[in-house]
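S.K.: Before I ask anything, here is the structure I am working with.
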Amino acid sequence: MSLSNKHLLGLYGVPREDIQLILDTATTFREVLERPIKKVPTLQGKTIVNLFYENSTRTRISFELAQKRLSADTINFSTSVSSTKKGETFKDTVRNIEAMKVDMIVVRHQSAGVPHYLTRISKANIINAGDGLHEHPTQGLLDMYSIREKFGRLEGLNVCLVGDIAHSRVALSNIFGLKTMGANVSVCGPATMIPYGIQSLGIKVYQNINEAISKNNVLNVLRIQLERNAGERIPSLREYHRYFGITAERLEKYNKDILILHPGPINRGVELSSEVADGPYQIILDQVTNGVAVRMAVLYLLGTMH
Amino acid sequence: MKIVLKNVHLLNPEQNLNRKCDLLIENGIITKIGSLKESEVKDAAVHNFEDKYCVPGLFDMHVHLREPGREDEETVVTGSDAAAAGGFTGIACMPNTEPAIDSAEVVRFIKEQSQNHLVEVYPIGAATLKRKGEALSPMYELFEAGVVGFSDDGVSIKTAAILRHAMEYAGMFNVPIIEHCEDESLANGVMNEGINSTLLGMPPIPALAEDLIVMRDIMMAEFTGSKIHIAHISSKKAVELVRQAKKKGIKITAEVTPHHFTLTDDSIKTFDTNFKMNPPLRTREDVNAVIEGLKDGTIDCIASDHAPHSIEEKEMEFIYAPNGIVGLETQLGLALTELVHKKHLTIEELVMKLSINPRKILNLPVPIFSEGQPANLTIIDPDIVWTADISKFKSKSKNSPFDKRLLTGKSIAVISKNKMFYEDKFINLNI
Ligand SMILES: [Zn+2]
């Protein structure tokens with residue numbers, strides 16, 4: 001069994017069999033992570049570059065750990081300075097890295113489409129670790145993995161993404177992946193945070209959080225990103241919390257069986273109350289562990305393709 | 001030098017002229033129209049242009065030359081070369097140079113650069129100093145130095161108050177204000193807002209950003225009685241607004257670019273920055289609306305918005321790449337392919353939109369075919385099938401989404417200012 005594409009650029013258009021294969025492979029690696037010696041020699045001799053143009057300690061560490069567990073050689077290239085200001089063009093940077101004979105590039109960038117552009121100028125396998133507000137496929141995969149782990153399936157589940165959908169790559173990857181796997185996907189958030197025409201993708205839009213809670217099996221609660229000018233679209237964090245925040249009170253009243261996901265880092269008291277962030281409904285730390293297993297699966301499947 | 005254009009299909013809607021004949025040109029002046037005798041043809045350079053149209057020299061009223069300031073991307077001369085190769089004998093150049101065209105000195109400099117070129121270059125003056133939207137440029141002085149319109153292109157004239165003053169002032173010499181219509185506060189994205197921007201997670205620019213300024217400008221044109229010209233119109237609503245304004249008798253004209261009547265925002269799915277422009281490529285519905293606008297006369301002319309950018313700058317990450325494409329050398333081919341061959345416009349209508357109307361908007365004389373008049377013409381082969389090839393472009397920059405595109409019809413020669421551009425060469429007719 002192998003994947004149908006040598007890159008993981010996003011979950012848009014990725015066939016069901018591929019997602020299934022990644023999730024199943026991740027299950028195997030998840031077991032490896034429980035062993036006393038958590039390392040397998042699968043990618044020995046492979047060189048992977050983590051090319052991060054945007055600060056993201058969590059994603060980078062998760063990828064790095066996955067690479068180490070697979071015995072790959074890892075190089076980190078991180079900068080938060082955009083190529084426009086750096087003097088060296090993005091293309092030149094990539095050509096330099098390419099000249100060092102790397103096998104895979106994991107890339108995070110502020111601009112949508114950078115991973116796609118990389119596939120045109122590099123021979124390496126490209127893994128998108130987040131491009132602008134476009135996709136973050138490994139996050140989508142680890143969210144699906146975590147949901148599947150709890151429910152034993154994805155098909156037929158009602159999953160709602162809550163928050164700033166218009167400015168979230170996590171939302172898009174979840175939407176594309178979950179729909180392919182047969183889940184019923186909806187979104188909930190203030191009207192200013194819902195992207196144009198999302199309904200035309202067959203996605204229900206809730207503007208009442210209580211209704212979203214009562215109608216869904218899973219809420220994937222997104223971080224309100226002040227660095228993405230969320231402040232222009234909501235009056236205040238306080239108001240957001242009051243009308244869209246997930247609180248224990250709401251969950252108890254509207255749906256005691258709900259599962260809460262959050263991609264982290266959490267703004268406590270904004271999208272989640274502390275009680276929920278630490279409470280019985282959420283699986284936030286499981287998501288972090290699963291993230292390593294899912295990334296191991298992706299790296300392994302792409303790194304051993306012929 | 002005598003040259004003969006044999007068997008041309010002479011077409012000039014301005015003169016109601018539509019006939020097959022020969023043209024004798026001596027030292028750049030048309031000396032005979034009709035069928036020429038052997039004796040008249042001898043010792044002349046004879047070009048047989050059977051089945052080719054001979055039309056008034058084409059004119060592009062929206063070109064960005066990068067001189068002064070970014071001569072590495074385009075100069076007055078290389079841009080004029082590209083214009084000649086694309087079939088144009090005249091262009092108007094936008095003032096967003098460095099420094100901007102906001103002083104008579106820069107106007108004179110550009111005119112000097114183009115003095116000996118076949119292509120006539122008419123500068124557009126900045127409406128406000130440094131195009132900042134704060135104070136009027138020396139408009140009268142610019143007008144005297146030879147500008148044919150005023151614009152802060154790249155952005156809209158910033159406030160309604162300064163627009164009002166610019167329009168009232170320009171009204172004194174009956175020169176149009178050319179507006180790039182975009183509400184700045186709504187336009188901090190990189191592609192059209194629509195289902196594609198949602199799917200691609202790209203910061204969007206709604207068509208509303210264009211429509212609002214078009215509406216403001218229409219009201220200002222009505223209020224001041226001065227002339228407004230809407231540059232690169234791209235949205236369905238904006239076309240409708242212009243249509244209604246024209247019905248009311250407001251002095252408004254509009255242009256559309258070939259990319260806005262050819263491409264949609266589906267192209268952005270490739271993340272190729274050559275599809276990044278401003279206004280952004282819009283939807284199929286908008287494309288159909290601008291074509292409808294061209295057909296019913298709401299849109300007066302076609303202009304390229306020729307915007308050269310260096311490879312290093314254009315080949316950047318999508319959100320950082322600059323807007324715009326080079327267009328002079330594909331414009332006529334696209335217009336013939338997309339509009340004439342698809343039966344949206346007749347060839348006469350195309351000549352109106354690519355030659356006669358832009359000149360009229362800018363108060364420039366329209367070339368006339370009659371004995372004693374200087375020859376200012378373009379020879380068009382409407383049926384030749386060719387492939388656009390950026391490596392052969394005369395423009396210094398190569399940022400085109402139309403590379404390798406198959407087109408039907410192109411210019412094969414232009415004559416103006418006693419010079420001819422033919423078979424990739426400039427020929428001086430004054431010898
Ligand atoms: Zn413009």
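Naming scheme: A, B, ... for chains in displayed order of the structure tokens; residues 1 onward per chain; ligands 1 onward as shown.
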Write out as a PDB file with N, CA, C and O atoms, in the first residue's frame all residues of segment 98-279 of chain A that backbone DSSP assigns to strand (DSSP E).
M.R.:
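Output (result.pdb):
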ATOM      1  N   MET A 104      13.445  15.283   1.957  1.00  0.00           N
ATOM      2  CA  MET A 104      12.108  15.812   2.240  1.00  0.00           C
ATOM      3  C   MET A 104      12.210  17.213   2.791  1.00  0.00           C
ATOM      4  O   MET A 104      13.168  17.526   3.509  1.00  0.00           O
ATOM      5  N   ILE A 105      11.228  18.019   2.466  1.00  0.00           N
ATOM      6  CA  ILE A 105      11.148  19.358   3.056  1.00  0.00           C
ATOM      7  C   ILE A 105       9.793  19.516   3.735  1.00  0.00           C
ATOM      8  O   ILE A 105       8.749  19.279   3.120  1.00  0.00           O
ATOM      9  N   VAL A 106       9.855  19.873   5.012  1.00  0.00           N
ATOM     10  CA  VAL A 106       8.636  20.200   5.748  1.00  0.00           C
ATOM     11  C   VAL A 106       8.592  21.722   5.793  1.00  0.00           C
ATOM     12  O   VAL A 106       9.538  22.347   6.280  1.00  0.00           O
ATOM     13  N   VAL A 107       7.535  22.322   5.262  1.00  0.00           N
ATOM     14  CA  VAL A 107       7.549  23.781   5.135  1.00  0.00           C
ATOM     15  C   VAL A 107       6.361  24.446   5.807  1.00  0.00           C
ATOM     16  O   VAL A 107       5.225  23.984   5.712  1.00  0.00           O
ATOM     17  N   ARG A 108       6.672  25.541   6.486  1.00  0.00           N
ATOM     18  CA  ARG A 108       5.651  26.397   7.097  1.00  0.00           C
ATOM     19  C   ARG A 108       5.925  27.801   6.589  1.00  0.00           C
ATOM     20  O   ARG A 108       7.070  28.261   6.622  1.00  0.00           O
ATOM     21  N   HIS A 109       4.903  28.451   6.079  1.00  0.00           N
ATOM     22  CA  HIS A 109       5.113  29.781   5.485  1.00  0.00           C
ATOM     23  C   HIS A 109       3.866  30.642   5.626  1.00  0.00           C
ATOM     24  O   HIS A 109       2.761  30.123   5.655  1.00  0.00           O
ATOM     25  N   ASN A 125      10.374  15.366  -1.472  1.00  0.00           N
ATOM     26  CA  ASN A 125       8.961  15.257  -1.068  1.00  0.00           C
ATOM     27  C   ASN A 125       8.651  16.487  -0.233  1.00  0.00           C
ATOM     28  O   ASN A 125       9.419  16.836   0.656  1.00  0.00           O
ATOM     29  N   ILE A 126       7.527  17.098  -0.502  1.00  0.00           N
ATOM     30  CA  ILE A 126       7.164  18.313   0.230  1.00  0.00           C
ATOM     31  C   ILE A 126       5.997  18.013   1.172  1.00  0.00           C
ATOM     32  O   ILE A 126       4.984  17.443   0.763  1.00  0.00           O
ATOM     33  N   ILE A 127       6.162  18.426   2.420  1.00  0.00           N
ATOM     34  CA  ILE A 127       5.067  18.308   3.381  1.00  0.00           C
ATOM     35  C   ILE A 127       4.694  19.703   3.861  1.00  0.00           C
ATOM     36  O   ILE A 127       5.549  20.465   4.322  1.00  0.00           O
ATOM     37  N   ASN A 128       3.438  20.029   3.707  1.00  0.00           N
ATOM     38  CA  ASN A 128       2.944  21.335   4.138  1.00  0.00           C
ATOM     39  C   ASN A 128       2.696  21.315   5.645  1.00  0.00           C
ATOM     40  O   ASN A 128       1.862  20.564   6.133  1.00  0.00           O
ATOM     41  N   ALA A 129       3.420  22.169   6.353  1.00  0.00           N
ATOM     42  CA  ALA A 129       3.202  22.285   7.809  1.00  0.00           C
ATOM     43  C   ALA A 129       2.435  23.566   8.120  1.00  0.00           C
ATOM     44  O   ALA A 129       2.529  24.103   9.217  1.00  0.00           O
ATOM     45  N   GLY A 130       1.679  24.042   7.124  1.00  0.00           N
ATOM     46  CA  GLY A 130       0.890  25.261   7.312  1.00  0.00           C
ATOM     47  C   GLY A 130       1.306  26.322   6.313  1.00  0.00           C
ATOM     48  O   GLY A 130       2.424  26.818   6.380  1.00  0.00           O
ATOM     49  N   ASP A 131       0.415  26.652   5.363  1.00  0.00           N
ATOM     50  CA  ASP A 131       0.729  27.718   4.402  1.00  0.00           C
ATOM     51  C   ASP A 131      -0.337  28.808   4.482  1.00  0.00           C
ATOM     52  O   ASP A 131      -1.470  28.629   4.068  1.00  0.00           O
ATOM     53  N   ASN A 158     -21.088  14.105  13.501  1.00  0.00           N
ATOM     54  CA  ASN A 158     -21.317  15.532  13.313  1.00  0.00           C
ATOM     55  C   ASN A 158     -20.187  16.302  13.978  1.00  0.00           C
ATOM     56  O   ASN A 158     -20.039  16.248  15.197  1.00  0.00           O
ATOM     57  N   VAL A 159     -19.401  16.981  13.139  1.00  0.00           N
ATOM     58  CA  VAL A 159     -18.231  17.693  13.654  1.00  0.00           C
ATOM     59  C   VAL A 159     -18.364  19.171  13.312  1.00  0.00           C
ATOM     60  O   VAL A 159     -18.624  19.533  12.163  1.00  0.00           O
ATOM     61  N   CYS A 160     -18.203  20.019  14.331  1.00  0.00           N
ATOM     62  CA  CYS A 160     -18.341  21.458  14.110  1.00  0.00           C
ATOM     63  C   CYS A 160     -17.029  22.163  14.452  1.00  0.00           C
ATOM     64  O   CYS A 160     -16.441  21.927  15.509  1.00  0.00           O
ATOM     65  N   LEU A 161     -16.591  23.017  13.535  1.00  0.00           N
ATOM     66  CA  LEU A 161     -15.410  23.846  13.796  1.00  0.00           C
ATOM     67  C   LEU A 161     -15.893  25.174  14.339  1.00  0.00           C
ATOM     68  O   LEU A 161     -16.795  25.786  13.764  1.00  0.00           O
ATOM     69  N   VAL A 162     -15.292  25.607  15.423  1.00  0.00           N
ATOM     70  CA  VAL A 162     -15.786  26.812  16.092  1.00  0.00           C
ATOM     71  C   VAL A 162     -14.697  27.883  16.112  1.00  0.00           C
ATOM     72  O   VAL A 162     -13.557  27.593  16.482  1.00  0.00           O
ATOM     73  N   ASN A 184     -20.250  14.753   8.851  1.00  0.00           N
ATOM     74  CA  ASN A 184     -21.056  15.942   8.546  1.00  0.00           C
ATOM     75  C   ASN A 184     -20.376  17.133   9.198  1.00  0.00           C
ATOM     76  O   ASN A 184     -20.330  17.225  10.424  1.00  0.00           O
ATOM     77  N   VAL A 185     -19.853  18.026   8.364  1.00  0.00           N
ATOM     78  CA  VAL A 185     -19.052  19.115   8.902  1.00  0.00           C
ATOM     79  C   VAL A 185     -19.871  20.399   8.954  1.00  0.00           C
ATOM     80  O   VAL A 185     -20.607  20.727   8.019  1.00  0.00           O
ATOM     81  N   SER A 186     -19.758  21.107  10.073  1.00  0.00           N
ATOM     82  CA  SER A 186     -20.401  22.410  10.179  1.00  0.00           C
ATOM     83  C   SER A 186     -19.405  23.381  10.791  1.00  0.00           C
ATOM     84  O   SER A 186     -18.328  22.977  11.242  1.00  0.00           O
ATOM     85  N   VAL A 187     -19.761  24.659  10.769  1.00  0.00           N
ATOM     86  CA  VAL A 187     -18.905  25.665  11.405  1.00  0.00           C
ATOM     87  C   VAL A 187     -19.768  26.558  12.286  1.00  0.00           C
ATOM     88  O   VAL A 187     -20.980  26.683  12.061  1.00  0.00           O
ATOM     89  N   CYS A 188     -19.132  27.166  13.276  1.00  0.00           N
ATOM     90  CA  CYS A 188     -19.854  28.088  14.140  1.00  0.00           C
ATOM     91  C   CYS A 188     -18.927  29.237  14.520  1.00  0.00           C
ATOM     92  O   CYS A 188     -17.768  29.020  14.870  1.00  0.00           O
ATOM     93  N   LYS A 204     -22.899  23.400   7.039  1.00  0.00           N
ATOM     94  CA  LYS A 204     -23.893  24.170   7.773  1.00  0.00           C
ATOM     95  C   LYS A 204     -23.191  25.227   8.624  1.00  0.00           C
ATOM     96  O   LYS A 204     -22.100  24.991   9.144  1.00  0.00           O
ATOM     97  N   VAL A 205     -23.812  26.392   8.717  1.00  0.00           N
ATOM     98  CA  VAL A 205     -23.231  27.463   9.524  1.00  0.00           C
ATOM     99  C   VAL A 205     -24.132  27.725  10.738  1.00  0.00           C
ATOM    100  O   VAL A 205     -25.320  28.020  10.587  1.00  0.00           O
ATOM    101  N   TYR A 206     -23.565  27.586  11.929  1.00  0.00           N
ATOM    102  CA  TYR A 206     -24.292  27.927  13.157  1.00  0.00           C
ATOM    103  C   TYR A 206     -23.834  29.295  13.650  1.00  0.00           C
ATOM    104  O   TYR A 206     -22.639  29.591  13.629  1.00  0.00           O
ATOM    105  N   VAL A 218     -18.765  16.360  18.009  1.00  0.00           N
ATOM    106  CA  VAL A 218     -17.419  16.878  18.247  1.00  0.00           C
ATOM    107  C   VAL A 218     -17.395  18.376  17.961  1.00  0.00           C
ATOM    108  O   VAL A 218     -17.960  18.832  16.971  1.00  0.00           O
ATOM    109  N   LEU A 219     -16.724  19.128  18.834  1.00  0.00           N
ATOM    110  CA  LEU A 219     -16.417  20.522  18.515  1.00  0.00           C
ATOM    111  C   LEU A 219     -14.903  20.627  18.409  1.00  0.00           C
ATOM    112  O   LEU A 219     -14.188  20.226  19.326  1.00  0.00           O
ATOM    113  N   ASN A 220     -14.431  21.140  17.274  1.00  0.00           N
ATOM    114  CA  ASN A 220     -13.008  21.417  17.156  1.00  0.00           C
ATOM    115  C   ASN A 220     -12.874  22.931  17.304  1.00  0.00           C
ATOM    116  O   ASN A 220     -13.240  23.692  16.410  1.00  0.00           O
ATOM    117  N   VAL A 221     -12.411  23.362  18.456  1.00  0.00           N
ATOM    118  CA  VAL A 221     -12.439  24.784  18.815  1.00  0.00           C
ATOM    119  C   VAL A 221     -11.116  25.437  18.419  1.00  0.00           C
ATOM    120  O   VAL A 221     -10.050  25.009  18.858  1.00  0.00           O
ATOM    121  N   LEU A 259     -17.343  15.809  22.502  1.00  0.00           N
ATOM    122  CA  LEU A 259     -15.879  15.712  22.564  1.00  0.00           C
ATOM    123  C   LEU A 259     -15.309  17.053  22.092  1.00  0.00           C
ATOM    124  O   LEU A 259     -15.723  17.582  21.064  1.00  0.00           O
ATOM    125  N   ILE A 260     -14.360  17.591  22.872  1.00  0.00           N
ATOM    126  CA  ILE A 260     -13.784  18.893  22.532  1.00  0.00           C
ATOM    127  C   ILE A 260     -12.328  18.738  22.090  1.00  0.00           C
ATOM    128  O   ILE A 260     -11.510  18.173  22.817  1.00  0.00           O
ATOM    129  N   LEU A 261     -12.037  19.266  20.895  1.00  0.00           N
ATOM    130  CA  LEU A 261     -10.649  19.306  20.418  1.00  0.00           C
ATOM    131  C   LEU A 261     -10.200  20.764  20.350  1.00  0.00           C
ATOM    132  O   LEU A 261     -11.029  21.669  20.183  1.00  0.00           O
TER     133      LEU A 261
END
S.K.: Which residues, written as a PyMOL selection string, have at least one atom at most 7 Å from Asn428 of chain B, with only C-alpha atoms counted and residues fewer than 4 positions away on the same chain left out?
M.R.: chain B and resi 418-420
S.K.: Just want the 9 Å neighbourhood of Pro263 of chain A, counted on only C-alpha atoms, with same-chain residues fewer than 2 positions away dropped. Output as a count of residues only.
M.R.: 13
S.K.: When distances are computed from only C-alpha atoms, which of B:Leu11, B:Met191, B:Leu263, B:Val155 shows the smallest separation from chain A?
M.R.: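 Ranking B:Leu11, B:Met191, B:Leu263, B:Val155 by distance to chain A, first place goes to B:Met191.
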S.K.: Would you kindly report the residues of chain A within 6 Å of chain B, using only C-alpha atoms, as a ChimeraX atom specification?
M.R.: /A:111,113,133-134,195-197
S.K.: Return as a VMD selection string every polymer residue, whether protein, DNA or RNA, with at least one atom no more than 9 Å from an atom of ligand 1; count only C-alpha atoms and all ligand atoms.
M.R.: chain B and resid 62 94 152 to 156 179 to 182 231 to 232 278 to 279 305 324
S.K.: Which residues are close to segment 76-79 of chain B, i.e. within 7 Å by only C-alpha atoms, leaving aside same-chain residues fewer than 2 positions away? Reply as a PyMOL selection string.
M.R.: chain B and resi 65+67+74+81-83+110+113-114+394-396
S.K.: I need the residues in segment 8-117 of chain A that are alpha helix (DSSP H) according to DSSP; give them as a PyMOL selection string.
M.R.: chain A and resi 16-32+57-69+83-86+90-99+114-117
S.K.: Restricting it to N, CA and C atoms, dump the selection as a short mmCIF file (atom, residue, chain, number, x, y, z; two decimals), in the first residue's frame.
M.R.:
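Contents of again-v9.cif, freshly written:
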data_model
loop_
_atom_site.label_atom_id
_atom_site.label_comp_id
_atom_site.auth_asym_id
_atom_site.auth_seq_id
_atom_site.Cartn_x
_atom_site.Cartn_y
_atom_site.Cartn_z
N ARG A 16 -9.87 9.14 -0.13
CA ARG A 16 -10.22 8.47 1.11
C ARG A 16 -9.22 7.37 1.50
N GLU A 17 -8.79 6.59 0.49
CA GLU A 17 -7.86 5.49 0.77
C GLU A 17 -6.55 6.02 1.35
N ASP A 18 -6.11 7.17 0.85
CA ASP A 18 -4.85 7.75 1.35
C ASP A 18 -5.00 8.17 2.81
N ILE A 19 -6.11 8.83 3.11
CA ILE A 19 -6.33 9.27 4.49
C ILE A 19 -6.42 8.06 5.42
N GLN A 20 -7.17 7.06 4.96
CA GLN A 20 -7.31 5.81 5.71
C GLN A 20 -5.94 5.20 5.99
N LEU A 21 -5.11 5.15 4.95
CA LEU A 21 -3.78 4.55 5.09
C LEU A 21 -2.93 5.32 6.10
N ILE A 22 -2.99 6.64 6.03
CA ILE A 22 -2.20 7.45 6.97
C ILE A 22 -2.69 7.21 8.40
N LEU A 23 -4.00 7.21 8.58
CA LEU A 23 -4.54 7.02 9.94
C LEU A 23 -4.22 5.62 10.47
N ASP A 24 -4.31 4.61 9.60
CA ASP A 24 -4.00 3.25 10.04
C ASP A 24 -2.52 3.11 10.38
N THR A 25 -1.68 3.71 9.54
CA THR A 25 -0.23 3.65 9.80
C THR A 25 0.09 4.36 11.11
N ALA A 26 -0.62 5.46 11.35
CA ALA A 26 -0.40 6.22 12.59
C ALA A 26 -0.73 5.37 13.81
N THR A 27 -1.71 4.50 13.68
CA THR A 27 -2.07 3.62 14.80
C THR A 27 -0.88 2.75 15.19
N THR A 28 -0.18 2.23 14.19
CA THR A 28 1.01 1.43 14.45
C THR A 28 2.06 2.24 15.18
N PHE A 29 2.30 3.45 14.68
CA PHE A 29 3.33 4.29 15.31
C PHE A 29 2.91 4.75 16.71
N ARG A 30 1.61 4.86 16.89
CA ARG A 30 1.12 5.26 18.20
C ARG A 30 1.54 4.22 19.25
N GLU A 31 1.55 2.97 18.82
CA GLU A 31 1.99 1.89 19.72
C GLU A 31 3.48 1.98 19.99
N VAL A 32 4.24 2.32 18.94
CA VAL A 32 5.69 2.48 19.11
C VAL A 32 5.97 3.51 20.19
N THR A 57 6.66 26.83 17.30
CA THR A 57 7.47 25.90 18.07
C THR A 57 6.79 24.54 18.15
N ARG A 58 5.49 24.55 18.41
CA ARG A 58 4.80 23.28 18.61
C ARG A 58 4.84 22.38 17.39
N THR A 59 4.47 22.91 16.26
CA THR A 59 4.46 22.09 15.05
C THR A 59 5.87 21.62 14.72
N ARG A 60 6.83 22.52 14.88
CA ARG A 60 8.19 22.15 14.53
C ARG A 60 8.71 21.05 15.43
N ILE A 61 8.47 21.17 16.71
CA ILE A 61 8.94 20.15 17.66
C ILE A 61 8.27 18.81 17.37
N SER A 62 6.99 18.85 17.05
CA SER A 62 6.26 17.62 16.76
C SER A 62 6.86 16.92 15.53
N PHE A 63 7.13 17.70 14.48
CA PHE A 63 7.75 17.12 13.29
C PHE A 63 9.15 16.60 13.60
N GLU A 64 9.90 17.39 14.37
CA GLU A 64 11.27 17.01 14.67
C GLU A 64 11.32 15.71 15.46
N LEU A 65 10.42 15.61 16.41
CA LEU A 65 10.37 14.39 17.22
C LEU A 65 9.99 13.20 16.34
N ALA A 66 9.02 13.39 15.48
CA ALA A 66 8.61 12.31 14.57
C ALA A 66 9.79 11.88 13.71
N GLN A 67 10.57 12.85 13.23
CA GLN A 67 11.72 12.52 12.40
C GLN A 67 12.77 11.75 13.19
N LYS A 68 13.01 12.17 14.42
CA LYS A 68 14.00 11.49 15.27
C LYS A 68 13.56 10.06 15.59
N ARG A 69 12.27 9.90 15.86
CA ARG A 69 11.75 8.56 16.15
C ARG A 69 11.90 7.62 14.96
N SER A 83 11.21 36.68 3.17
CA SER A 83 12.25 36.76 2.15
C SER A 83 12.31 38.14 1.51
N THR A 84 11.17 38.85 1.56
CA THR A 84 11.17 40.18 0.96
C THR A 84 12.13 41.11 1.68
N LYS A 85 12.29 40.87 2.99
CA LYS A 85 13.14 41.77 3.75
C LYS A 85 14.54 41.20 3.92
N LYS A 86 14.66 39.91 3.70
CA LYS A 86 15.91 39.22 3.99
C LYS A 86 16.99 39.48 2.95
N PHE A 90 13.24 33.60 -1.74
CA PHE A 90 12.81 32.29 -1.27
C PHE A 90 13.38 31.20 -2.18
N LYS A 91 13.33 31.48 -3.48
CA LYS A 91 13.80 30.50 -4.45
C LYS A 91 15.28 30.18 -4.24
N ASP A 92 16.08 31.22 -4.00
CA ASP A 92 17.51 31.00 -3.77
C ASP A 92 17.75 30.19 -2.51
N THR A 93 17.00 30.49 -1.47
CA THR A 93 17.13 29.74 -0.22
C THR A 93 16.86 28.26 -0.48
N VAL A 94 15.77 28.00 -1.21
CA VAL A 94 15.39 26.62 -1.47
C VAL A 94 16.43 25.93 -2.34
N ARG A 95 16.97 26.64 -3.31
CA ARG A 95 17.98 26.03 -4.19
C ARG A 95 19.23 25.66 -3.40
N ASN A 96 19.57 26.51 -2.43
CA ASN A 96 20.71 26.22 -1.58
C ASN A 96 20.48 24.96 -0.78
N ILE A 97 19.30 24.86 -0.23
CA ILE A 97 18.97 23.69 0.58
C ILE A 97 18.94 22.44 -0.30
N GLU A 98 18.36 22.60 -1.46
CA GLU A 98 18.27 21.50 -2.43
C GLU A 98 19.66 20.97 -2.79
N ALA A 99 20.60 21.90 -2.91
CA ALA A 99 21.97 21.51 -3.29
C ALA A 99 22.62 20.63 -2.23
N VAL A 114 2.97 28.26 -1.02
CA VAL A 114 4.42 28.07 -1.00
C VAL A 114 4.81 26.58 -1.14
N PRO A 115 4.12 25.65 -0.46
CA PRO A 115 4.47 24.24 -0.65
C PRO A 115 4.28 23.79 -2.11
N HIS A 116 3.23 24.32 -2.74
CA HIS A 116 2.95 23.97 -4.13
C HIS A 116 4.04 24.49 -5.04
N TYR A 117 4.49 25.71 -4.73
CA TYR A 117 5.58 26.31 -5.50
C TYR A 117 6.86 25.49 -5.31
#
